[in-house]
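Undergrad: Enclosed is the structure file coords38.txt (compact mmCIF, C-alpha atoms).
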```
# COMPACT_ATOMS: atom_id res chain seq x y z
CA MET A 1 -0.95 10.72 -32.43
CA PRO A 2 -4.65 9.96 -31.90
CA GLU A 3 -6.56 12.05 -29.40
CA THR A 4 -6.59 10.59 -25.90
CA ARG A 5 -8.54 10.92 -22.66
CA ARG A 6 -7.21 10.26 -19.17
CA LEU A 7 -8.86 7.31 -17.45
CA LYS A 8 -8.67 7.00 -13.66
CA LEU A 9 -8.81 3.46 -12.26
CA ILE A 10 -9.42 2.16 -8.74
CA ILE A 11 -7.86 -1.30 -8.54
CA SER A 12 -7.93 -4.15 -6.04
CA TYR A 13 -5.52 -7.07 -6.13
CA ASP A 14 -4.30 -10.06 -4.19
CA GLY A 15 -0.57 -9.42 -3.92
CA ARG A 16 0.38 -13.05 -3.37
CA ASP A 17 0.44 -13.73 -7.11
CA PHE A 18 2.60 -10.79 -8.14
CA GLY A 19 6.09 -9.35 -7.80
CA GLY A 20 4.69 -6.05 -6.54
CA TRP A 21 3.12 -3.18 -8.45
CA GLN A 22 5.89 -1.73 -10.58
CA SER A 23 6.87 -3.25 -13.89
CA GLN A 24 10.18 -5.11 -13.71
CA LYS A 25 12.19 -7.15 -16.14
CA ASN A 26 11.17 -10.81 -16.02
CA ARG A 27 8.69 -10.18 -13.19
CA ASN A 28 4.96 -10.78 -13.04
CA THR A 29 3.78 -7.45 -11.61
CA VAL A 30 0.38 -5.77 -11.36
CA GLN A 31 1.45 -2.97 -13.70
CA ASP A 32 2.68 -5.55 -16.24
CA ASN A 33 -0.70 -7.31 -16.19
CA LEU A 34 -2.64 -4.05 -16.59
CA GLU A 35 -0.51 -2.89 -19.50
CA ALA A 36 -0.86 -6.30 -21.15
CA ALA A 37 -4.65 -6.04 -20.75
CA PHE A 38 -4.71 -2.64 -22.46
CA GLU A 39 -2.52 -4.01 -25.25
CA HIS A 40 -4.95 -6.91 -25.72
CA ILE A 41 -7.87 -4.49 -26.00
CA CYS A 42 -6.24 -1.62 -27.93
CA GLY A 43 -3.66 -3.48 -29.97
CA ARG A 44 -0.83 -1.36 -28.55
CA ARG A 45 0.91 -0.94 -25.21
CA LEU A 46 -0.32 1.90 -22.99
CA THR A 47 1.55 3.13 -19.93
CA VAL A 48 -0.34 2.71 -16.65
CA SER A 49 0.85 5.10 -13.92
CA GLY A 50 0.12 4.10 -10.32
CA SER A 51 -0.10 6.17 -7.15
CA GLY A 52 3.01 4.38 -5.87
CA ARG A 53 4.65 1.01 -5.52
CA THR A 54 3.51 -1.90 -3.43
CA ASP A 55 5.98 -4.69 -2.70
CA THR A 56 5.77 -8.37 -3.52
CA GLY A 57 2.97 -9.95 -1.48
CA VAL A 58 1.31 -6.64 -0.51
CA HIS A 59 -2.40 -6.37 -1.30
CA ALA A 60 -4.56 -3.46 -2.44
CA LEU A 61 -8.18 -2.67 -1.71
CA GLY A 62 -8.03 0.69 -3.50
CA GLN A 63 -4.88 1.32 -5.50
CA CYS A 64 -5.26 4.23 -7.93
CA ALA A 65 -3.77 4.53 -11.41
CA HIS A 66 -4.29 6.54 -14.56
CA VAL A 67 -3.79 5.80 -18.24
CA ASP A 68 -4.31 7.83 -21.42
CA VAL A 69 -6.64 5.86 -23.69
CA PRO A 70 -7.93 6.49 -27.24
CA ALA A 71 -10.64 9.12 -26.80
CA ALA A 72 -13.18 7.58 -29.15
CA GLN A 73 -12.80 3.91 -28.20
CA PHE A 74 -15.00 3.25 -25.15
CA ALA A 75 -17.07 4.87 -22.45
CA ALA A 76 -15.50 4.55 -18.98
CA GLU A 77 -17.88 1.77 -17.89
CA ARG A 78 -17.02 -0.20 -21.02
CA TRP A 79 -13.31 0.06 -20.18
CA LEU A 80 -14.02 -1.39 -16.73
CA LYS A 81 -15.83 -4.39 -18.21
CA ALA A 82 -13.29 -4.93 -20.99
CA LEU A 83 -10.31 -4.85 -18.61
CA ASN A 84 -11.91 -7.19 -16.07
CA GLY A 85 -12.69 -9.54 -18.95
CA VAL A 86 -8.99 -10.09 -19.74
CA LEU A 87 -7.22 -9.48 -16.41
CA PRO A 88 -6.43 -12.40 -14.08
CA PRO A 89 -9.14 -12.85 -11.40
CA THR A 90 -6.71 -11.69 -8.69
CA ILE A 91 -6.75 -8.18 -10.22
CA ARG A 92 -10.06 -6.31 -10.48
CA ILE A 93 -10.90 -2.82 -11.70
CA LEU A 94 -13.44 -1.56 -9.15
CA ARG A 95 -14.16 1.84 -10.70
CA ALA A 96 -13.20 3.69 -13.88
CA ARG A 97 -13.93 7.26 -14.90
CA PHE A 98 -12.50 9.94 -17.14
CA VAL A 99 -10.66 12.80 -15.42
CA SER A 100 -8.83 15.96 -16.38
CA ASN A 101 -5.46 15.53 -18.09
CA SER A 102 -3.96 17.48 -15.18
CA PHE A 103 -4.76 14.59 -12.82
CA HIS A 104 -1.81 12.33 -11.95
CA ALA A 105 -2.28 9.21 -9.84
CA ARG A 106 1.00 9.80 -8.01
CA PHE A 107 1.63 13.55 -8.01
CA SER A 108 -1.99 14.59 -7.32
CA ALA A 109 -2.22 12.37 -4.24
CA LYS A 110 -2.64 14.10 -0.86
CA GLY A 111 -2.09 10.99 1.24
CA LYS A 112 -2.70 7.27 1.63
CA VAL A 113 -4.30 4.87 4.06
CA TYR A 114 -2.79 1.46 4.80
CA ARG A 115 -4.12 -1.35 6.95
CA TYR A 116 -2.07 -4.13 8.52
CA ARG A 117 -3.72 -7.37 9.69
CA ILE A 118 -2.33 -9.56 12.48
CA ILE A 119 -3.68 -12.89 13.76
CA SER A 120 -2.63 -13.18 17.41
CA GLY A 121 -3.01 -16.61 18.97
CA PRO A 122 -1.63 -20.15 18.94
CA VAL A 123 -3.42 -21.23 15.74
CA ARG A 124 -3.46 -19.46 12.38
CA PRO A 125 -6.65 -20.05 10.37
CA PRO A 126 -5.62 -21.56 7.02
CA LEU A 127 -7.57 -18.96 5.04
CA GLU A 128 -5.36 -16.25 6.56
CA ILE A 129 -2.16 -17.67 5.03
CA GLY A 130 -0.70 -14.93 2.84
CA ARG A 131 -3.28 -12.43 4.11
CA ALA A 132 -2.16 -11.72 7.68
CA TRP A 133 0.89 -11.92 9.93
CA HIS A 134 0.53 -14.72 12.44
CA ILE A 135 1.95 -14.01 15.91
CA ALA A 136 1.50 -17.01 18.17
CA ALA A 137 1.86 -15.03 21.41
CA ALA A 138 -0.74 -12.69 22.90
CA LEU A 139 -0.30 -8.97 22.23
CA ASP A 140 -0.82 -6.45 25.03
CA ARG A 141 -3.66 -4.25 23.75
CA ASN A 142 -2.73 -1.37 26.05
CA LEU A 143 0.85 -1.36 24.76
CA LEU A 144 -0.42 -1.53 21.17
CA GLU A 145 -2.46 1.63 21.75
CA ARG A 146 0.32 3.46 23.61
CA THR A 147 2.96 2.67 20.99
CA ALA A 148 0.64 3.63 18.11
CA LYS A 149 0.15 7.10 19.59
CA LEU A 150 3.90 7.77 19.44
CA PHE A 151 3.82 7.76 15.63
CA MET A 152 1.03 10.30 15.21
CA GLY A 153 1.91 13.79 14.04
CA ARG A 154 4.89 15.08 12.05
CA HIS A 155 8.13 13.15 12.58
CA ASP A 156 11.36 12.26 10.84
CA PHE A 157 10.78 8.60 9.92
CA GLY A 158 14.36 7.96 8.77
CA SER A 159 14.64 5.09 11.28
CA PHE A 160 11.42 3.61 9.90
CA SER A 161 12.36 3.41 6.24
CA ALA A 162 14.49 1.15 4.09
CA ASN A 163 16.94 2.06 1.33
CA ARG A 164 15.39 1.67 -2.11
CA GLY A 165 18.63 2.58 -3.84
CA LYS A 166 18.05 6.31 -4.06
CA GLU A 167 18.20 9.02 -1.42
CA GLU A 168 14.89 10.47 -0.25
CA ARG A 169 14.65 14.26 -0.48
CA SER A 170 13.03 14.25 2.96
CA THR A 171 12.18 11.56 5.50
CA ILE A 172 9.69 13.78 7.34
CA ARG A 173 6.07 12.64 7.09
CA LYS A 174 2.85 13.66 8.84
CA VAL A 175 0.82 10.74 10.23
CA ASP A 176 -2.83 11.72 10.66
CA TYR A 177 -3.79 8.69 12.73
CA VAL A 178 -2.81 5.18 13.79
CA ARG A 179 -5.86 3.14 14.76
CA ILE A 180 -5.86 -0.22 16.51
CA MET A 181 -8.98 -2.14 15.51
CA GLY A 182 -10.29 -5.69 15.44
CA ARG A 183 -11.47 -8.14 18.05
CA ARG A 184 -10.45 -11.46 19.54
CA ALA A 185 -7.56 -12.94 17.54
CA LEU A 186 -7.70 -10.37 14.72
CA ILE A 187 -5.83 -7.09 15.18
CA GLU A 188 -5.87 -4.45 12.47
CA ILE A 189 -3.56 -1.43 12.50
CA GLU A 190 -4.67 1.35 10.16
CA ILE A 191 -2.30 4.21 9.35
CA ALA A 192 -3.10 7.37 7.39
CA ALA A 193 -0.38 9.83 6.38
CA ASP A 194 0.47 12.45 3.80
CA GLY A 195 3.00 10.02 2.37
CA PHE A 196 4.98 6.91 3.19
CA LEU A 197 8.65 6.00 2.87
CA TYR A 198 9.83 2.67 1.51
CA LYS A 199 8.72 -0.10 3.93
CA MET A 200 7.66 2.56 6.47
CA VAL A 201 4.34 0.91 7.39
CA ARG A 202 5.92 -2.51 7.90
CA LEU A 203 8.71 -1.03 10.05
CA VAL A 204 6.21 0.93 12.15
CA VAL A 205 4.01 -2.14 12.60
CA GLY A 206 7.07 -4.21 13.46
CA SER A 207 7.92 -1.85 16.31
CA ILE A 208 4.31 -1.64 17.53
CA ALA A 209 4.12 -5.44 17.67
CA ARG A 210 7.51 -5.81 19.37
CA CYS A 211 6.48 -3.30 22.05
CA ALA A 212 3.22 -5.19 22.60
CA LEU A 213 5.26 -8.39 23.02
CA GLY A 214 7.63 -6.75 25.51
CA ARG A 215 10.60 -7.06 23.14
CA GLU A 216 11.07 -3.33 22.58
CA SER A 217 10.48 -0.37 24.86
CA LEU A 218 8.38 2.68 24.14
CA GLN A 219 11.43 4.76 25.02
CA SER A 220 13.45 3.18 22.20
CA VAL A 221 10.72 4.11 19.73
CA GLU A 222 10.72 7.68 21.01
CA VAL A 223 14.51 7.88 20.64
CA ARG A 224 14.35 6.57 17.05
CA LEU A 225 11.76 9.23 16.18
CA GLU A 226 13.78 11.99 17.86
CA ARG A 227 17.20 10.89 16.56
CA PRO A 228 16.67 8.91 13.35
CA SER A 229 19.33 6.40 12.38
CA ARG A 230 18.97 3.75 9.71
CA GLY A 231 21.72 1.79 11.41
CA ALA A 232 19.49 0.96 14.39
CA GLY A 233 18.23 -2.58 14.83
CA ARG A 234 14.84 -2.88 13.19
CA PHE A 235 12.19 -5.46 12.42
CA VAL A 236 10.14 -5.38 9.20
CA ALA A 237 6.68 -6.94 9.51
CA PRO A 238 5.93 -9.47 6.73
CA ALA A 239 4.44 -8.18 3.47
CA ALA A 240 1.46 -10.55 3.58
CA GLY A 241 -0.45 -8.57 6.21
CA LEU A 242 -0.29 -5.20 4.42
CA TYR A 243 -3.15 -3.66 2.40
CA LEU A 244 -3.28 -0.34 0.56
CA VAL A 245 -6.80 0.78 1.52
CA ARG A 246 -7.16 3.99 -0.48
CA VAL A 247 -5.35 6.96 -1.94
CA ARG A 248 -6.59 10.41 -0.92
CA TYR A 249 -6.85 13.26 -3.43
```
Would it be possible to restate this file's structure as structure tokens?
TA:
Amino acid sequence: MPETRRLKLIISYDGRDFGGWQSQKNRNTVQDNLEAAFEHICGRRLTVSGSGRTDTGVHALGQCAHVDVPAAQFAAERWLKALNGVLPPTIRILRARFVSNSFHARFSAKGKVYRYRIISGPVRPPLEIGRAWHIAAALDRNLLERTAKLFMGRHDFGSFSANRGKEERSTIRKVDYVRIMGRRALIEIEIAADGFLYKMVRLVVGSIARCALGRESLQSVEVRLERPSRGAGRFVAPAAGLYLVRVRY
């Protein structure tokens, strides 16, 4: 086997074009496109390991991945240019650098930051289609803030996760902050945590929005955090408004 070096990539993509991050049979995924780009450049398939999955339609501003590349082939900056030269325009390598072989995009991560975008008002701007969740009714800003605070800290988020087909070892996560940002019609909900369960952000945002619409009580959210049950009625916010902002190491 030729000598290799570990290349760390920071990647941005428009999730509308892809079936999520992870490679799947007969699916056009971000990982599939990256591995095809490396094959085009190197002449052989290389495995690209991401920090975690994003679902179909979910975007990334700063996904992280690593790949072991031939040590003598290119400098890191040359890899960035070569990959962006063959990738579709909806996937861009923002940064590339060599790191220690002990670095792992997934297992070295200390946490992640996600942002969810909502357009609140009677009219959705056409350029926001596929990039934000449109809620035609007004959202109560005070209730948004109050509900967001309930999720901060260490909780069992079993009621705010979906079944991916395998049992999680633990559904306890520590949320560092939930910030409500934006102005006028645009509302952005940013969540930072030491880790996220499957669909956790979209389930949390769904509850925050429902509380702000008067369709769910703050007490029901508190009960679901105190006594988790996946059987409880839940609402998953659409994928289109979700962005992986960055991975923390």
Undergrad: Just checking: using only C-alpha atoms, which residue out of A:Gly15, A:Pro2, A:Gly130, A:Gly85 ends up closest to A:Phe38?
TA: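 Checking each of A:Gly15, A:Pro2, A:Gly130, A:Gly85 against A:Phe38, counting only C-alpha atoms, the winner is A:Gly85.
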Undergrad: For A:Val245, which residue out of A:Asn28, A:Ser49, A:Gln63, A:Thr56 is the nearest one, using only C-alpha atoms?
TA: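 Counting only C-alpha atoms, the residue closest to A:Val245 is A:Gln63.
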Undergrad: With distances taken over all atoms listed in the file, which residue among A:Ala72, A:Ile129, A:Val86, A:Leu213 lies nearest A:Gly57?
TA: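 Among A:Ala72, A:Ile129, A:Val86, A:Leu213, it is A:Ile129 that comes nearest to A:Gly57.
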Undergrad: My list of candidates is A:Asp68, A:Glu35, A:Asp156, A:Glu222. Which is closest to A:Lys8 when distances are computed with only C-alpha atoms?
TA: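 The shortest atom-to-atom distance to A:Lys8 comes from A:Asp68.
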Undergrad: Using all atoms listed in the file, pick whichever of A:Gly111, A:Gly195, A:Gly206, A:Gly121 has the shortest atom-to-atom distance to A:Arg248.
TA: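 Ranking A:Gly111, A:Gly195, A:Gly206, A:Gly121 by distance to A:Arg248, first place goes to A:Gly111.
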Undergrad: Could you tell me which of A:Ala162, A:Leu150, A:Leu242, A:Leu9 comes closest to A:His104 if we count only C-alpha atoms?
TA: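 Using only C-alpha atoms, A:His104 sits closest to A:Leu9.
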Undergrad: Could you check how far atom CA of A:Phe235 sits from atom CA of A:Val201, in Å to one decimal?
TA: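 Pair atom CA of A:Phe235 / atom CA of A:Val201 returns 11.3 Å.
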Undergrad: What does the structure give for the distance between atom CA of A:Ile91 and atom CA of A:Pro238, in Å to one decimal?
TA: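 Interatomic distance here is 21.2 Å.
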Undergrad: What's around A:Arg154 at 12 Å? Count all atoms listed in the file, leave out sequence neighbours fewer than 5 positions away in its own chain, and write the answer as a CSV table (one decimal) with C-alpha atoms, in the frame of the given file.
TA:
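Output contents, as saved in out.csv:
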```
chain,number,residue,atom,x,y,z
A,149,LYS,CA,0.2,7.1,19.6
A,171,THR,CA,12.2,11.6,5.5
A,172,ILE,CA,9.7,13.8,7.3
A,173,ARG,CA,6.1,12.6,7.1
A,174,LYS,CA,2.8,13.7,8.8
A,175,VAL,CA,0.8,10.7,10.2
A,176,ASP,CA,-2.8,11.7,10.7
A,177,TYR,CA,-3.8,8.7,12.7
A,193,ALA,CA,-0.4,9.8,6.4
A,194,ASP,CA,0.5,12.4,3.8
A,195,GLY,CA,3.0,10.0,2.4
A,225,LEU,CA,11.8,9.2,16.2
A,226,GLU,CA,13.8,12.0,17.9
```
Undergrad: I want to know what sits within 12 Å of A:His40, based on only C-alpha atoms, with residues of the same chain fewer than 2 positions away left out; could you give that as number ranges by chain?
TA: A: 33-38, 42-46, 82-87
Undergrad: Please compute the atom CA of A:Ile41-atom CA of A:Val67 distance, one decimal, in Å.
TA: 13.5 Å
Undergrad: Skip A:Gly241 itself and residues of its chain fewer than 4 positions away, then list as a list in words all residues within 9 Å of it, counting only C-alpha atoms.
TA: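 My reading of the contact set: Gly57, Val58, His59, Arg115, Tyr116, Arg117, Ile118, Gly130, Arg131, Ala132, Trp133, His134, Arg202 and Ala237 of chain A.
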